[in-house]
Every structure is written in structure tokens, then in C-alpha cells.
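Heads up: the structure comes next, in C-alpha cells.
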Amino acid sequence: MVRKVLRYRYRQLRMFSTLVRQVRLPCIKTFMKNNPTLSNALIYGGLYTAAEISQQSIRNHRAAAVSGLGASPQVVLDRESVARFAVMGTGIMGPLFSKWYGWIDRAFPGRSKAVVLRKTILDQFAFTPVCVAVFFVGMAAMEGHQGKKLFEELREKGPKTFAMDCCFWIPTTAINFLFMPAWLRVTFVSVASFVWLNVLSWIKSQPLSVSSHASPAAASSSSHGAAPGSVQPPVVNIIN
């Protein structure tokens with residue numbers, strides 16, 4: 001029974017992949033192919049920003065509900081946190097992902113199972129740890145931390161983030177390499193990342209266990225909740 005369901009889902013994914021390749025969007029395709037770094041920076045920056053705004057809105061709504069202020073509280077965003085996410089997604093993660101997927105597609109062309117497995121392993125265990133580190137350290141730097149404090153959040157939240165990343169991104173990455181055309185690859189990752197970035201934003205919003213080290217900047221970062229930029233969506237992949 002399980003095998004039949006898996007086969008059915010596999011056929012559905014193959015059909016979806018065929019439909020995607022038949023989509024006629026010449027202007028968008030041409031722009032993305034000719035400007036991969038710029039286009040993916042804009043896409044990823046927008047998703048990072050949207051994920052942080054969504055998490056802040058959810059937290060504000062829950063806080064208002066708990067305090068009895070009603071179901072439609074006035075939304076007050078932490079603009080500095082949103083700005084940090086925007087910078088992380090647009091200036092760092094978007095270009096980083098674009099360069100990575102461009103390289104890995106050139107280094108390992110094809111869609112055979114062996115190639116997809118190799119790409120998935122490299123993506124998850126070589127690239128993702130880098131994204132997680134870049135995200136937490138980069139966000140800490142933008143929050144004003146220096147010295148050892150740059151790495152506090154990475155040490156505490158990095159392993160948990162990577163474990164959750166594996167559960168989410170290993171199957172997602174396999175689908176990406178198997179079914180997505182090369183020009184749509186980073187876009188697919190970006191869309192999946194919106195879900196992941198909300199999770200990362202939640203992770204980022206959790207206070208450090210060593211609360212005595214938390215500074216006002218750190219407190220504001222925790223208010224945003226994460227990811228890959230504190231959203232963290234590593235980040236990685238972003239993060240991943």
C-alpha cells in the first residue's frame with residue numbers, strides 16, 4: 001500500500017515537473033538566466049523580509065490575544081530587525097545560493113539518481129553548515145555584537161538548526177534536483193525557504209539560555225524570530 005502511494009506521488013511530481021518546463025515566461029526566464037545573481041538576490045531578499053514580517057505579526061497577534069486586547073491588535077514592527085533580514089537575504093544569502101547552485105550544476109550535470117544523491121549530500125553536509133554559520137554570525141554582527149558574542153547564538157542554536165534543516169531540506173533538495181529545471185532551481189529553493197525561514201525566525205526569536213550575555217541588540221533580534229538572518233528560513237538552505 002505504501003509503495004503504491006509513493007509511486008503515485010512520484011508520478012504526480014514528474015507530471016508537475018513536465019508542466020513547469022512547458023511554462024512560457026520568456027521575459028522572466030531571460031532576465032533570470034542573464035542576471036542569476038541579481039534576480040535571486042531580489043527573490044531571496046523579499047522572502048527573508050516577508051518571513052520576518054509574518055513572524056513578527058504572528059507574535060504580536062498572540063501577545064495581544066493573551067493580554068486581552070482583542071483579535072485585531074495594532075501591528076508594530078521591529079523595523080531594525082526587518083532591515084537586518086532584508087540585508088541578509090538580499091546582500092548575502094541570495095548571491096551565495098546563486099553561486100552555489102550555479103557551480104554544483106556545472107560540476108555535476110545530469111539527473112541520474114547517483115548525481116542527485118551526490119548533489120544532495122554535498123548541499124546538505126557541505127553547504128548548509130556554512131549557511132547556518134553565515135546567518136547566525138552575520139546577524140550577530142548586524143546586531144552590534146563583537147568578539148566572542150558573535151558566536152554565542154551559533155554555538156547554542158546552530159546544532160538544533162542544522163538538525164531541523166536536515167529533516168526539511170534533504171527531501172526538498174532531492175525534489176529540486178530531480179524535477180526542477182536549472183533556471184527555476186533557486187526560485188524553488190526560495191519558495192520552500194519561506195516556510196523554512198518562518199521556522200528559523202522562530203528559532204532566532206528564542207532567548208539564549210545564557211541570558212546574562214544578552215544585550216539590547218540581542219533582545220531586539222530575538223523579537224524577530226529568525227532564519228536564515230536571524231530568521232533563519234540558514235539559514236541555509238539557507239539556511240538552505
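In the C-alpha cells, each chain is lettered A, B, ... as it comes, each chain's residues begin at 1, and ligands are numbered from 1 in order of appearance.
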DSSP-assigned alpha helix (DSSP H) members of segment 56-192 of chain A, reported as JSON, numbers by chain: {"A": [56, 57, 58, 59, 60, 61, 62, 63, 64, 65, 66, 67, 79, 80, 81, 82, 83, 84, 85, 86, 87, 94, 95, 96, 97, 98, 99, 100, 101, 102, 103, 104, 105, 106, 107, 113, 114, 115, 116, 117, 118, 119, 120, 121, 122, 128, 129, 130, 131, 132, 133, 134, 135, 136, 137, 138, 139, 140, 141, 142, 152, 153, 154, 155, 156, 157, 158, 159, 160, 161, 162, 163, 164, 165, 166, 167, 168, 169, 170, 171, 172, 173, 174, 175, 176, 177, 178, 179, 185, 186, 187, 188, 189, 190, 191, 192]}
So which residues touch segment 40-49 of chain A within 7 Å, counting only C-alpha atoms, skipping near sequence neighbours fewer than 6 positions away, as a list of chain:residue names?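 So the residues in contact are A:Val82, A:Phe85, A:Ala86, A:Gly89, A:Thr90, A:Gly91, A:Gly94, A:Pro95, A:Ser98, A:Val186, A:Ser190, A:Phe194, A:Leu197.
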Shell of 8 Å around segment 157-161 of chain A, only C-alpha atoms, local chain residues under 5 positions omitted, as a list in words: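 Returned residues: Val132, Ala133, Phe136, Leu200, Ile203 and Lys204 of chain A.
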Next, dump the selected residues to file, keeping only N, CA and C atoms, as an mmCIF file, in the first residue's frame.
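Ended up saving to again_8.cif:
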```cif
data_model
loop_
_atom_site.group_PDB
_atom_site.id
_atom_site.type_symbol
_atom_site.label_atom_id
_atom_site.label_comp_id
_atom_site.auth_asym_id
_atom_site.auth_seq_id
_atom_site.Cartn_x
_atom_site.Cartn_y
_atom_site.Cartn_z
ATOM 1 N N VAL A 132 24.358 28.169 7.811
ATOM 2 C CA VAL A 132 23.944 28.355 9.208
ATOM 3 C C VAL A 132 24.920 29.279 9.921
ATOM 4 N N ALA A 133 26.213 29.041 9.742
ATOM 5 C CA ALA A 133 27.230 29.876 10.391
ATOM 6 C C ALA A 133 27.160 31.315 9.892
ATOM 7 N N PHE A 136 23.883 33.108 11.449
ATOM 8 C CA PHE A 136 23.916 33.497 12.853
ATOM 9 C C PHE A 136 25.026 34.511 13.141
ATOM 10 N N LEU A 200 12.980 29.213 11.070
ATOM 11 C CA LEU A 200 14.229 29.781 11.549
ATOM 12 C C LEU A 200 14.002 31.076 12.312
ATOM 13 N N ILE A 203 13.137 30.095 15.660
ATOM 14 C CA ILE A 203 14.336 29.676 16.398
ATOM 15 C C ILE A 203 15.130 30.895 16.840
ATOM 16 N N LYS A 204 15.298 31.843 15.932
ATOM 17 C CA LYS A 204 16.083 33.035 16.234
ATOM 18 C C LYS A 204 15.452 33.843 17.344
#
```
What does the structure give for the distance between atom CA of Arg79 of chain A and atom CA of Val191 of chain A, in Å to one decimal?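 That distance, rounded to one decimal, is 23.0 Å.
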For atom CA of Glu52 of chain A and atom CA of Ala126 of chain A, determine how far apart the two atoms are, in Å to one decimal place.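 One can read the atom CA of Glu52 of chain A to atom CA of Ala126 of chain A distance as 26.2 Å.
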I want to know what sits within 8 Å of Asp105 of chain A, based on only C-alpha atoms, with residues of the same chain fewer than 4 positions away left out; could you give that as a ChimeraX atom specification? /A:101,109,182
Let me see the file: selected residues, N, CA and C atoms, as an mmCIF file, in the first residue's frame.
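Once everything was written out, this is again_8.cif:
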```cif
data_model
loop_
_atom_site.group_PDB
_atom_site.id
_atom_site.type_symbol
_atom_site.label_atom_id
_atom_site.label_comp_id
_atom_site.auth_asym_id
_atom_site.auth_seq_id
_atom_site.Cartn_x
_atom_site.Cartn_y
_atom_site.Cartn_z
ATOM 1 N N TYR A 101 24.513 27.059 -6.472
ATOM 2 C CA TYR A 101 23.762 26.191 -7.374
ATOM 3 C C TYR A 101 24.286 26.269 -8.794
ATOM 4 N N PRO A 109 26.600 17.663 -13.731
ATOM 5 C CA PRO A 109 25.455 17.743 -14.650
ATOM 6 C C PRO A 109 24.681 16.431 -14.688
ATOM 7 N N ALA A 182 16.930 23.953 -14.403
ATOM 8 C CA ALA A 182 18.041 24.703 -13.805
ATOM 9 C C ALA A 182 17.693 26.164 -13.570
#
```
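If only C-alpha atoms are the atoms counted, then among A:Val116, A:Glu153, A:Cys167, A:Ser67 the closest residue to Phe179 of chain A is A:Val116.
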Atomic distance atom CA of Met32 of chain A - atom CA of Leu178 of chain A, expressed in Å with one decimal: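 Distance reported for this atom pair: 20.1 Å.
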For Gln124 of chain A, which residue among A:Glu156, A:Glu143, A:Asp165, A:Glu80 is the nearest when counting only C-alpha atoms?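 Smallest separation from Gln124 of chain A among the options: A:Asp165.
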Nearest to Lys149 of chain A by atom-to-atom distance, counting only C-alpha atoms, from A:Val199, A:Leu117, A:Leu208, A:Leu38: A:Leu208
